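Containing compact mmCIF, C-alpha atoms and all ligand atoms: run-v3.txt.
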# COMPACT_ATOMS: atom_id res chain seq x y z
CA MET N 1315 -12.01 6.81 10.32
CA ARG N 1316 -14.06 6.57 7.15
CA GLU N 1317 -15.37 3.33 5.69
CA LEU N 1318 -16.90 2.08 2.46
CA ALA N 1319 -18.62 -1.31 2.18
CA LEU N 1320 -18.20 -3.25 -1.06
CA GLY N 1321 -20.49 -6.21 -0.46
CA SER N 1322 -18.97 -7.99 2.54
CA ARG N 1323 -15.60 -6.27 2.09
CA ARG N 1324 -14.44 -2.96 3.47
CA ILE N 1325 -12.16 -0.08 2.55
CA ARG N 1326 -11.24 2.09 5.52
CA LEU N 1327 -9.34 5.35 5.82
CA ALA N 1328 -7.44 6.22 8.99
CA THR N 1329 -4.75 8.70 9.98
CA GLY N 1330 -1.61 7.69 11.83
CA ASP N 1331 1.61 5.73 11.73
CA ILE N 1332 1.22 2.48 9.78
CA THR N 1333 3.81 0.73 11.96
CA LYS N 1334 1.44 1.03 14.94
CA VAL N 1335 -1.71 -0.39 13.32
CA PRO N 1336 -2.21 -4.16 13.71
CA SER N 1337 -3.05 -6.05 10.51
CA ASP N 1338 -2.14 -9.29 8.73
CA ALA N 1339 -0.04 -7.59 6.06
CA ILE N 1340 1.51 -4.11 6.06
CA VAL N 1341 2.40 -2.69 2.67
CA ASN N 1342 5.62 -0.68 2.40
CA ALA N 1343 6.35 2.06 -0.17
CA ALA N 1344 9.73 0.69 -1.23
CA ASN N 1345 12.20 1.37 -4.06
CA SER N 1346 13.14 -1.04 -6.82
CA ASP N 1347 16.47 -1.87 -5.17
CA LEU N 1348 14.58 -2.93 -2.01
CA ALA N 1349 17.36 -1.07 -0.25
CA GLY N 1350 15.39 0.75 2.44
CA GLY N 1351 15.18 4.51 2.58
CA GLY N 1352 13.33 7.35 4.25
CA GLY N 1353 9.61 7.96 4.69
CA VAL N 1354 7.40 5.00 5.48
CA ASP N 1355 10.13 2.59 4.28
CA GLY N 1356 12.50 3.87 6.97
CA ALA N 1357 9.78 3.74 9.61
CA ILE N 1358 8.89 0.13 8.73
CA HIS N 1359 12.50 -1.09 8.88
CA ARG N 1360 13.15 0.80 12.14
CA ALA N 1361 10.04 -0.54 13.84
CA GLY N 1362 10.27 -4.05 12.37
CA GLY N 1363 13.96 -4.57 13.09
CA PRO N 1364 16.81 -6.08 11.04
CA SER N 1365 15.13 -9.38 10.12
CA ILE N 1366 13.17 -7.66 7.33
CA MET N 1367 16.31 -6.37 5.58
CA GLU N 1368 18.04 -9.72 6.13
CA GLU N 1369 15.20 -11.43 4.29
CA LEU N 1370 15.27 -8.81 1.52
CA ASP N 1371 19.03 -9.40 1.16
CA ARG N 1372 18.27 -13.09 0.49
CA ILE N 1373 15.48 -12.54 -2.04
CA ARG N 1374 16.59 -9.28 -3.68
CA GLY N 1375 18.16 -10.74 -6.83
CA SER N 1376 17.95 -8.07 -9.50
CA GLY N 1377 15.44 -6.05 -7.51
CA CYS N 1378 11.75 -5.38 -7.82
CA PRO N 1379 10.49 -3.52 -10.91
CA THR N 1380 8.26 -0.48 -10.54
CA GLY N 1381 4.64 -1.62 -10.30
CA SER N 1382 5.46 -4.91 -8.59
CA ALA N 1383 5.95 -6.13 -5.02
CA VAL N 1384 7.64 -8.77 -2.86
CA ARG N 1385 6.69 -10.22 0.51
CA THR N 1386 8.75 -10.75 3.69
CA GLY N 1387 8.05 -11.43 7.33
CA ALA N 1388 7.22 -8.50 9.58
CA GLY N 1389 9.82 -8.76 12.35
CA ARG N 1390 8.58 -6.85 15.40
CA LEU N 1391 5.73 -5.11 13.56
CA PRO N 1392 2.16 -5.92 14.63
CA ALA N 1393 1.56 -8.04 11.49
CA GLN N 1394 2.63 -11.35 9.94
CA HIS N 1395 3.84 -9.99 6.62
CA VAL N 1396 5.35 -6.90 5.03
CA ILE N 1397 4.65 -6.44 1.33
CA HIS N 1398 7.24 -4.17 -0.27
CA ALA N 1399 5.57 -2.42 -3.20
CA VAL N 1400 7.37 -0.17 -5.66
CA GLY N 1401 5.32 2.76 -6.88
CA PRO N 1402 6.42 5.08 -9.68
CA ARG N 1403 8.29 8.34 -9.33
CA TRP N 1404 6.18 11.19 -10.73
CA LYS N 1405 7.72 12.34 -14.01
CA GLY N 1406 4.96 14.67 -15.17
CA GLY N 1407 2.21 12.16 -15.87
CA LEU N 1408 3.12 10.88 -19.32
CA ALA N 1409 5.32 7.99 -18.19
CA GLN N 1410 2.45 5.63 -17.31
CA GLU N 1411 2.59 6.70 -13.67
CA PRO N 1412 -1.14 6.01 -12.96
CA GLU N 1413 -0.95 2.52 -14.53
CA LEU N 1414 2.24 1.70 -12.63
CA LEU N 1415 0.72 2.91 -9.36
CA ALA N 1416 -2.43 0.81 -9.90
CA SER N 1417 -0.18 -2.15 -10.70
CA ALA N 1418 1.72 -1.72 -7.41
CA TYR N 1419 -1.58 -1.89 -5.48
CA ARG N 1420 -2.80 -4.94 -7.41
CA ALA N 1421 0.53 -6.77 -7.03
CA SER N 1422 0.44 -6.11 -3.28
CA LEU N 1423 -3.09 -7.43 -2.93
CA ARG N 1424 -2.23 -10.58 -4.93
CA LEU N 1425 0.64 -11.30 -2.54
CA ALA N 1426 -1.67 -10.64 0.42
CA GLU N 1427 -4.16 -13.14 -1.03
CA GLU N 1428 -1.41 -15.74 -1.50
CA ALA N 1429 -0.38 -15.25 2.12
CA GLY N 1430 -3.96 -15.64 3.35
CA ALA N 1431 -4.12 -12.13 4.80
CA LYS N 1432 -7.59 -10.90 5.73
CA HIS N 1433 -6.69 -7.36 6.75
CA VAL N 1434 -4.16 -5.34 4.73
CA THR N 1435 -2.86 -1.87 5.56
CA PHE N 1436 -1.48 0.51 2.92
CA PRO N 1437 0.31 3.85 3.09
CA SER N 1438 -0.20 6.36 0.31
CA ILE N 1439 2.33 4.86 -2.12
CA SER N 1440 4.39 7.32 -4.25
CA THR N 1441 2.99 10.57 -2.78
CA GLY N 1442 6.01 11.38 -0.58
CA VAL N 1443 9.57 11.28 -1.91
CA TYR N 1444 8.25 10.11 -5.31
CA ARG N 1445 6.04 13.25 -5.59
CA PHE N 1446 2.99 11.70 -7.26
CA PRO N 1447 0.19 14.31 -6.84
CA VAL N 1448 -1.90 13.05 -3.95
CA GLU N 1449 -5.34 13.95 -5.38
CA LEU N 1450 -4.63 11.84 -8.45
CA ALA N 1451 -2.89 9.06 -6.51
CA ALA N 1452 -5.84 8.75 -4.11
CA GLY N 1453 -8.25 8.08 -6.97
CA VAL N 1454 -5.91 5.57 -8.62
CA ALA N 1455 -5.30 3.77 -5.30
CA LEU N 1456 -8.96 3.53 -4.32
CA ASP N 1457 -10.09 2.47 -7.80
CA ALA N 1458 -7.46 -0.28 -7.91
CA VAL N 1459 -8.29 -1.57 -4.42
CA ALA N 1460 -12.05 -1.42 -4.98
CA ALA N 1461 -11.76 -3.29 -8.30
CA PHE N 1462 -9.63 -5.96 -6.65
CA LEU N 1463 -12.03 -6.38 -3.72
CA LYS N 1464 -14.98 -6.67 -6.10
CA SER N 1465 -13.48 -9.17 -8.51
CA GLU N 1466 -10.37 -10.95 -7.25
CA ALA N 1467 -10.41 -10.99 -3.46
CA ARG N 1468 -11.15 -14.31 -1.79
CA ARG N 1469 -9.42 -14.00 1.55
CA VAL N 1470 -8.75 -10.28 1.81
CA GLU N 1471 -11.73 -8.83 3.67
CA ALA N 1472 -10.58 -5.35 4.63
CA VAL N 1473 -8.08 -2.81 3.38
CA THR N 1474 -7.14 0.15 5.57
CA PHE N 1475 -5.23 3.13 4.21
CA VAL N 1476 -3.19 4.51 7.11
CA LEU N 1477 -2.49 8.10 6.08
CA PHE N 1478 0.22 10.09 7.76
CA ASP N 1479 -1.17 13.62 7.56
CA GLU N 1480 -4.52 15.41 7.32
CA ALA N 1481 -3.99 16.66 3.75
CA THR N 1482 -3.42 13.11 2.52
CA PHE N 1483 -6.43 11.88 4.49
CA ALA N 1484 -8.59 14.65 2.96
CA ALA N 1485 -7.50 13.68 -0.57
CA TYR N 1486 -8.39 10.03 0.04
CA GLU N 1487 -11.69 11.02 1.68
CA ALA N 1488 -12.64 13.05 -1.41
CA ALA N 1489 -11.68 10.16 -3.70
CA LEU N 1490 -13.67 7.70 -1.57
CA GLU N 1491 -16.78 9.89 -2.02
CA ARG N 1492 -16.42 9.42 -5.77
CA LEU N 1493 -16.31 5.60 -5.59
CA ILE N 1494 -19.58 3.89 -6.36
CA PRO N 1495 -20.46 1.18 -3.82
CA LEU N 1496 -21.84 -2.19 -5.00
N1 LIG N 1501 2.96 5.66 8.38
C1 LIG N 1501 2.15 5.96 7.35
N2 LIG N 1501 2.51 6.76 6.32
C2 LIG N 1501 3.75 7.30 6.37
C3 LIG N 1501 4.68 7.03 7.41
C4 LIG N 1501 4.23 6.17 8.45
N3 LIG N 1501 5.03 5.85 9.47
N4 LIG N 1501 5.83 7.73 7.15
C5 LIG N 1501 5.62 8.42 6.00
N5 LIG N 1501 4.38 8.16 5.53
P1 LIG N 1501 7.20 7.95 1.06
P2 LIG N 1501 7.11 7.17 -1.78
C6 LIG N 1501 3.70 8.69 4.32
O1 LIG N 1501 8.15 9.06 0.78
O2 LIG N 1501 6.65 8.52 -2.19
C7 LIG N 1501 11.64 5.90 0.39
O3 LIG N 1501 12.92 6.43 0.60
C8 LIG N 1501 4.24 9.93 3.67
O4 LIG N 1501 3.85 11.08 4.41
O5 LIG N 1501 7.44 7.12 2.26
O6 LIG N 1501 6.45 5.97 -2.38
C9 LIG N 1501 11.68 4.56 -0.32
O7 LIG N 1501 12.82 3.81 0.00
C10 LIG N 1501 3.54 9.85 2.32
O8 LIG N 1501 2.18 10.30 2.45
O9 LIG N 1501 7.09 6.91 -0.20
C11 LIG N 1501 11.67 4.98 -1.76
O10 LIG N 1501 12.97 5.28 -2.21
C12 LIG N 1501 3.52 8.34 2.03
O11 LIG N 1501 3.79 7.71 3.30
C13 LIG N 1501 10.82 6.23 -1.78
O12 LIG N 1501 10.92 6.77 -0.48
C14 LIG N 1501 4.55 7.86 1.03
O13 LIG N 1501 5.74 8.60 1.15
C15 LIG N 1501 9.37 5.93 -2.04
O14 LIG N 1501 8.67 7.14 -2.14
Transcribe the structure of this file into structure tokens.
Amino acid sequence: MRELALGSRRIRLATGDITKVPSDAIVNAANSDLAGGGGVDGAIHRAGGPSIMEELDRIRGSGCPTGSAVRTGAGRLPAQHVIHAVGPRWKGGLAQEPELLASAYRASLRLAEEAGAKHVTFPSISTGVYRFPVELAAGVALDAVAAFLKSEARRVEAVTFVLFDEATFAAYEAALERLIPL
């Protein structure tokens, strides 16, 4: 576990399965159809149970554009909320992928604020099936979260990245070293 203090707020890095880590809001790396899938999305729906997809079926409408997010309950997960965020697929880097990824983190944190969540857990959005290079994604993710915690957060006190493998953890650890604390 690694931690960075930003005033009274905290960014933490951990390894493990995000469905096992208690928090107020768990962020999911979803797709714009909110249709479920593999990776962390599959793990969240399996562990949380069918109520999450039932709620998505009610709110889905025309879907959730890349860079945005929607909130549901958390079913059997150890949290009150799941925030389904849609990161970009990597298309080579000239399709606004970093901006869209930062937007997915910000949209998630705004929904967490609205819900009154104090502790939010994130996976490494877009770096699995969507193939966003993890070294770049880690910097984008940490910059977006740190900026939010410094300027917009009122109720969110701590953000934990729950990273599934050591290589992803190492990339986030290196990016955290480059962040300048308050
Ligand atoms: N806990 C934490 N992280 C996990 C877990 C877990 N249980 N399982 C996987 N990861 P991905 P994406 C990591 O592919 O790239 C889905 O089909 C994984 O090792 O889950 O945003 C959706 O429906 C990687 O580091 O998400 C979308 O269609 C990270 O989570 C699409 O994949 C993200 O990998 C989204 O692709």
Box for stretch 1413-1416 of chain N - axis-aligned, 8 Å on each of the six sides, all listed atoms - centre and size in Å to one decimal, as lines of an AutoDock Vina configuration file.
center_x = -0.1
center_y = 1.9
center_z = -11.9
size_x = 20.7
size_y = 18.1
size_z = 21.2
Contact check, chain N to ligand LIG 1501 (chain N), at most 10 Å, counting only C-alpha atoms and all ligand atoms, closest pairs as a tab-separated table:
residue	atom	partner	partner_atom	distance
N:Ala1328	CA	N:LIG1501	C1	9.7
N:Thr1329	CA	N:LIG1501	C1	7.9
N:Gly1330	CA	N:LIG1501	N1	6.1
N:Asp1331	CA	N:LIG1501	N1	3.6
N:Ile1332	CA	N:LIG1501	N1	3.9
N:Thr1333	CA	N:LIG1501	N3	5.8
N:Lys1334	CA	N:LIG1501	N3	8.1
N:Val1335	CA	N:LIG1501	N1	9.1
N:Val1341	CA	N:LIG1501	C1	9.8
N:Asn1342	CA	N:LIG1501	O5	8.0
N:Ala1343	CA	N:LIG1501	O6	4.5
N:Ala1344	CA	N:LIG1501	C9	4.4
N:Asn1345	CA	N:LIG1501	C11	4.3
N:Ser1346	CA	N:LIG1501	O10	7.8
N:Asp1347	CA	N:LIG1501	O10	8.5
N:Leu1348	CA	N:LIG1501	O7	7.3
N:Ala1349	CA	N:LIG1501	O7	6.7
N:Gly1350	CA	N:LIG1501	O7	4.7
N:Gly1351	CA	N:LIG1501	O3	3.6
N:Gly1352	CA	N:LIG1501	O3	3.8
N:Gly1353	CA	N:LIG1501	O5	3.4
N:Val1354	CA	N:LIG1501	N4	3.6
N:Asp1355	CA	N:LIG1501	O7	5.2
N:Gly1356	CA	N:LIG1501	O3	6.9
N:Ala1357	CA	N:LIG1501	N3	5.2
N:Ile1358	CA	N:LIG1501	N3	6.9
N:Arg1360	CA	N:LIG1501	N3	9.9
N:Ala1361	CA	N:LIG1501	N3	9.2
N:His1398	CA	N:LIG1501	O7	9.7
N:Ala1399	CA	N:LIG1501	O6	8.5
N:Val1400	CA	N:LIG1501	O6	7.0
N:Gly1401	CA	N:LIG1501	O6	5.6
N:Pro1402	CA	N:LIG1501	O6	7.4
N:Arg1403	CA	N:LIG1501	O14	7.3
N:Trp1404	CA	N:LIG1501	O2	9.0
N:Leu1415	CA	N:LIG1501	O6	9.5
N:Thr1435	CA	N:LIG1501	C1	9.5
N:Phe1436	CA	N:LIG1501	C1	7.9
N:Pro1437	CA	N:LIG1501	N2	4.9
N:Ser1438	CA	N:LIG1501	C12	4.6
N:Ile1439	CA	N:LIG1501	O6	4.3
N:Ser1440	CA	N:LIG1501	O6	3.1
N:Thr1441	CA	N:LIG1501	O2	4.2
N:Gly1442	CA	N:LIG1501	O13	3.3
N:Val1443	CA	N:LIG1501	O1	3.8
N:Tyr1444	CA	N:LIG1501	O2	3.8
N:Arg1445	CA	N:LIG1501	O2	5.9
N:Phe1446	CA	N:LIG1501	O2	7.0
N:Pro1447	CA	N:LIG1501	O2	9.8
N:Val1448	CA	N:LIG1501	O8	8.1
N:Phe1475	CA	N:LIG1501	C1	8.5
N:Val1476	CA	N:LIG1501	C1	5.5
N:Leu1477	CA	N:LIG1501	N2	5.2
N:Phe1478	CA	N:LIG1501	N2	4.3
N:Asp1479	CA	N:LIG1501	O4	6.4
N:Glu1480	CA	N:LIG1501	O8	9.7
N:Ala1481	CA	N:LIG1501	O8	9.0
N:Thr1482	CA	N:LIG1501	O8	6.3
N:Phe1483	CA	N:LIG1501	O8	9.0
Please, could you write that set of residues out with C-alpha atoms as an mmCIF file, in the coordinates of the input?
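Produced file result-v3.cif, reproduced below:
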data_model
loop_
_atom_site.group_PDB
_atom_site.id
_atom_site.type_symbol
_atom_site.label_atom_id
_atom_site.label_comp_id
_atom_site.auth_asym_id
_atom_site.auth_seq_id
_atom_site.Cartn_x
_atom_site.Cartn_y
_atom_site.Cartn_z
ATOM 1 C CA ALA N 1328 -7.440 6.220 8.990
ATOM 2 C CA THR N 1329 -4.750 8.700 9.980
ATOM 3 C CA GLY N 1330 -1.610 7.690 11.830
ATOM 4 C CA ASP N 1331 1.610 5.730 11.730
ATOM 5 C CA ILE N 1332 1.220 2.480 9.780
ATOM 6 C CA THR N 1333 3.810 0.730 11.960
ATOM 7 C CA LYS N 1334 1.440 1.030 14.940
ATOM 8 C CA VAL N 1335 -1.710 -0.390 13.320
ATOM 9 C CA VAL N 1341 2.400 -2.690 2.670
ATOM 10 C CA ASN N 1342 5.620 -0.680 2.400
ATOM 11 C CA ALA N 1343 6.350 2.060 -0.170
ATOM 12 C CA ALA N 1344 9.730 0.690 -1.230
ATOM 13 C CA ASN N 1345 12.200 1.370 -4.060
ATOM 14 C CA SER N 1346 13.140 -1.040 -6.820
ATOM 15 C CA ASP N 1347 16.470 -1.870 -5.170
ATOM 16 C CA LEU N 1348 14.580 -2.930 -2.010
ATOM 17 C CA ALA N 1349 17.360 -1.070 -0.250
ATOM 18 C CA GLY N 1350 15.390 0.750 2.440
ATOM 19 C CA GLY N 1351 15.180 4.510 2.580
ATOM 20 C CA GLY N 1352 13.330 7.350 4.250
ATOM 21 C CA GLY N 1353 9.610 7.960 4.690
ATOM 22 C CA VAL N 1354 7.400 5.000 5.480
ATOM 23 C CA ASP N 1355 10.130 2.590 4.280
ATOM 24 C CA GLY N 1356 12.500 3.870 6.970
ATOM 25 C CA ALA N 1357 9.780 3.740 9.610
ATOM 26 C CA ILE N 1358 8.890 0.130 8.730
ATOM 27 C CA ARG N 1360 13.150 0.800 12.140
ATOM 28 C CA ALA N 1361 10.040 -0.540 13.840
ATOM 29 C CA HIS N 1398 7.240 -4.170 -0.270
ATOM 30 C CA ALA N 1399 5.570 -2.420 -3.200
ATOM 31 C CA VAL N 1400 7.370 -0.170 -5.660
ATOM 32 C CA GLY N 1401 5.320 2.760 -6.880
ATOM 33 C CA PRO N 1402 6.420 5.080 -9.680
ATOM 34 C CA ARG N 1403 8.290 8.340 -9.330
ATOM 35 C CA TRP N 1404 6.180 11.190 -10.730
ATOM 36 C CA LEU N 1415 0.720 2.910 -9.360
ATOM 37 C CA THR N 1435 -2.860 -1.870 5.560
ATOM 38 C CA PHE N 1436 -1.480 0.510 2.920
ATOM 39 C CA PRO N 1437 0.310 3.850 3.090
ATOM 40 C CA SER N 1438 -0.200 6.360 0.310
ATOM 41 C CA ILE N 1439 2.330 4.860 -2.120
ATOM 42 C CA SER N 1440 4.390 7.320 -4.250
ATOM 43 C CA THR N 1441 2.990 10.570 -2.780
ATOM 44 C CA GLY N 1442 6.010 11.380 -0.580
ATOM 45 C CA VAL N 1443 9.570 11.280 -1.910
ATOM 46 C CA TYR N 1444 8.250 10.110 -5.310
ATOM 47 C CA ARG N 1445 6.040 13.250 -5.590
ATOM 48 C CA PHE N 1446 2.990 11.700 -7.260
ATOM 49 C CA PRO N 1447 0.190 14.310 -6.840
ATOM 50 C CA VAL N 1448 -1.900 13.050 -3.950
ATOM 51 C CA PHE N 1475 -5.230 3.130 4.210
ATOM 52 C CA VAL N 1476 -3.190 4.510 7.110
ATOM 53 C CA LEU N 1477 -2.490 8.100 6.080
ATOM 54 C CA PHE N 1478 0.220 10.090 7.760
ATOM 55 C CA ASP N 1479 -1.170 13.620 7.560
ATOM 56 C CA GLU N 1480 -4.520 15.410 7.320
ATOM 57 C CA ALA N 1481 -3.990 16.660 3.750
ATOM 58 C CA THR N 1482 -3.420 13.110 2.520
ATOM 59 C CA PHE N 1483 -6.430 11.880 4.490
#
Any idea what's packed within 9 Å of N:Tyr1419, counting all atoms listed in the file, ignoring anything in its chain fewer than 2 positions away? Could you give it as a compact mmCIF listing (two decimals) with C-alpha atoms, in the coordinates of the input?
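In the end it all went to out-v4.txt:
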# COMPACT_ATOMS: atom_id res chain seq x y z
CA GLY N 1381 4.64 -1.62 -10.30
CA SER N 1382 5.46 -4.91 -8.59
CA ALA N 1383 5.95 -6.13 -5.02
CA ALA N 1399 5.57 -2.42 -3.20
CA GLY N 1401 5.32 2.76 -6.88
CA LEU N 1414 2.24 1.70 -12.63
CA LEU N 1415 0.72 2.91 -9.36
CA ALA N 1416 -2.43 0.81 -9.90
CA SER N 1417 -0.18 -2.15 -10.70
CA ALA N 1421 0.53 -6.77 -7.03
CA SER N 1422 0.44 -6.11 -3.28
CA LEU N 1423 -3.09 -7.43 -2.93
CA ARG N 1424 -2.23 -10.58 -4.93
CA PHE N 1436 -1.48 0.51 2.92
CA ILE N 1439 2.33 4.86 -2.12
CA ALA N 1455 -5.30 3.77 -5.30
CA ALA N 1458 -7.46 -0.28 -7.91
CA VAL N 1459 -8.29 -1.57 -4.42
- Message: List as a PyMOL selection string the protein and nucleic acid residues near N:Ile1340, meaning an atom at most 7 Å away when only C-alpha atoms are counted, but skip any in the same chain fewer than 3 places from it.
- Response: chain N and resi 1337+1393+1395-1397+1434-1436
- How many Å separate atom CA of N:Leu1327 from atom CA of N:Gly1389?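 Separation of atom CA of N:Leu1327 and atom CA of N:Gly1389: 24.7 Å.
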- Query: Which residue out of N:Leu1456, N:Leu1391, N:Leu1320, N:Ala1472 has the minimum interatomic distance to N:Gly1362 when only C-alpha atoms are used?
  - Reply: N:Leu1391
- Message: Using all atoms listed in the file, which protein or nucleic acid residues come within 12 Å of N:Arg1492? Drop anything in the same chain fewer than 3 positions from it, and give the result as a list in words.
- Response: Leu1318, Glu1449, Ala1452, Gly1453, Val1454, Leu1456, Asp1457, Ala1460, Ala1485, Tyr1486, Glu1487, Ala1488, Ala1489 and Pro1495 of chain N
Mind writing the picked residues with C-alpha atoms as a CSV table (one decimal), in the coordinates of the input?
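So the final result, stored in result-v1.csv, reads:
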chain,number,residue,atom,x,y,z
N,1318,LEU,CA,-16.9,2.1,2.5
N,1449,GLU,CA,-5.3,14.0,-5.4
N,1452,ALA,CA,-5.8,8.8,-4.1
N,1453,GLY,CA,-8.2,8.1,-7.0
N,1454,VAL,CA,-5.9,5.6,-8.6
N,1456,LEU,CA,-9.0,3.5,-4.3
N,1457,ASP,CA,-10.1,2.5,-7.8
N,1460,ALA,CA,-12.0,-1.4,-5.0
N,1485,ALA,CA,-7.5,13.7,-0.6
N,1486,TYR,CA,-8.4,10.0,0.0
N,1487,GLU,CA,-11.7,11.0,1.7
N,1488,ALA,CA,-12.6,13.0,-1.4
N,1489,ALA,CA,-11.7,10.2,-3.7
N,1495,PRO,CA,-20.5,1.2,-3.8
- Message: So the first atom is atom CA of N:Arg1468 and the second is atom CA of N:Lys1432; what is the distance between them in Å, to one decimal place?
- Response: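 The value is 9.0 Å.
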- Item | Pairwise distance for atom CA of N:Ala1467 and atom CA of N:Leu1490, rounded to one decimal in Å |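 About the pair atom CA of N:Ala1467 and atom CA of N:Leu1490: they are 19.1 Å apart.
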- Query: Using only C-alpha atoms, what residues lie at most 6 Å away from (-12.5, 0.3, 4.4) (file coordinates), given as a ChimeraX atom specification?
  - Reply: /N:1317-1318,1324-1326,1472-1474
- Do a neighbour search on N:Arg1323 at 8 Å with only C-alpha atoms, toss out local chain neighbours closer than 6 positions, and write the hits as a list in words.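 Selected residues are Leu1463, Val1470, Glu1471 and Ala1472 of chain N.
Among the candidates N:Ala1484, N:Ala1426, N:Ala1451, N:Ile1366, the one nearest to N:Glu1411 when counting all atoms listed in the file is N:Ala1451.
Between N:Pro1336 and the residues N:Gln1394, N:Gly1430, N:Ser1376, N:Glu1368, the shortest atom-to-atom distance, using all atoms listed in the file, involves N:Gln1394.
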From the coordinates I just gave you, please extract stretch 1391-1397 of chain N so that only all heavy atoms remain, then output it as a tab-separated table (two decimals), in the first residue's frame.
chain	number	residue	atom	x	y	z
N	1391	LEU	N	-22.00	-6.24	-3.12
N	1391	LEU	CA	-20.62	-5.76	-2.95
N	1391	LEU	C	-20.48	-5.01	-1.63
N	1391	LEU	O	-21.45	-4.46	-1.11
N	1391	LEU	CB	-20.25	-4.83	-4.12
N	1391	LEU	CG	-20.06	-5.52	-5.47
N	1391	LEU	CD1	-20.12	-4.49	-6.59
N	1391	LEU	CD2	-18.73	-6.27	-5.49
N	1392	PRO	N	-19.26	-4.94	-1.10
N	1392	PRO	CA	-19.05	-4.24	0.18
N	1392	PRO	C	-18.98	-2.72	0.00
N	1392	PRO	O	-17.97	-2.09	0.29
N	1392	PRO	CB	-17.74	-4.84	0.69
N	1392	PRO	CG	-16.99	-5.19	-0.55
N	1392	PRO	CD	-18.03	-5.61	-1.56
N	1393	ALA	N	-20.06	-2.14	-0.53
N	1393	ALA	CA	-20.12	-0.71	-0.84
N	1393	ALA	C	-21.59	-0.32	-0.95
N	1393	ALA	O	-22.46	-1.20	-1.02
N	1393	ALA	CB	-19.41	-0.42	-2.17
N	1394	GLN	N	-21.87	0.99	-0.99
N	1394	GLN	CA	-23.26	1.43	-1.20
N	1394	GLN	C	-23.56	1.66	-2.68
N	1394	GLN	O	-24.70	1.58	-3.10
N	1394	GLN	CB	-23.53	2.75	-0.45
N	1394	GLN	CG	-23.74	2.59	1.04
N	1394	GLN	CD	-22.43	2.34	1.74
N	1394	GLN	OE1	-21.50	3.10	1.61
N	1394	GLN	NE2	-22.36	1.23	2.47
N	1395	HIS	N	-22.54	2.04	-3.43
N	1395	HIS	CA	-22.76	2.45	-4.81
N	1395	HIS	C	-21.74	1.80	-5.74
N	1395	HIS	O	-20.59	1.57	-5.34
N	1395	HIS	CB	-22.58	3.97	-4.97
N	1395	HIS	CG	-23.30	4.76	-3.93
N	1395	HIS	ND1	-24.66	4.99	-3.98
N	1395	HIS	CD2	-22.86	5.37	-2.80
N	1395	HIS	CE1	-25.02	5.70	-2.93
N	1395	HIS	NE2	-23.95	5.94	-2.20
N	1396	VAL	N	-22.17	1.56	-6.99
N	1396	VAL	CA	-21.22	1.28	-8.07
N	1396	VAL	C	-21.35	2.42	-9.08
N	1396	VAL	O	-22.46	2.81	-9.45
N	1396	VAL	CB	-21.48	-0.07	-8.76
N	1396	VAL	CG1	-20.55	-0.25	-9.97
N	1396	VAL	CG2	-21.28	-1.22	-7.79
N	1397	ILE	N	-20.21	2.96	-9.47
N	1397	ILE	CA	-20.19	4.01	-10.49
N	1397	ILE	C	-19.58	3.39	-11.74
N	1397	ILE	O	-18.43	2.93	-11.71
N	1397	ILE	CB	-19.38	5.22	-9.98
N	1397	ILE	CG1	-20.15	5.85	-8.80
N	1397	ILE	CG2	-19.16	6.23	-11.10
N	1397	ILE	CD1	-19.40	6.89	-8.03
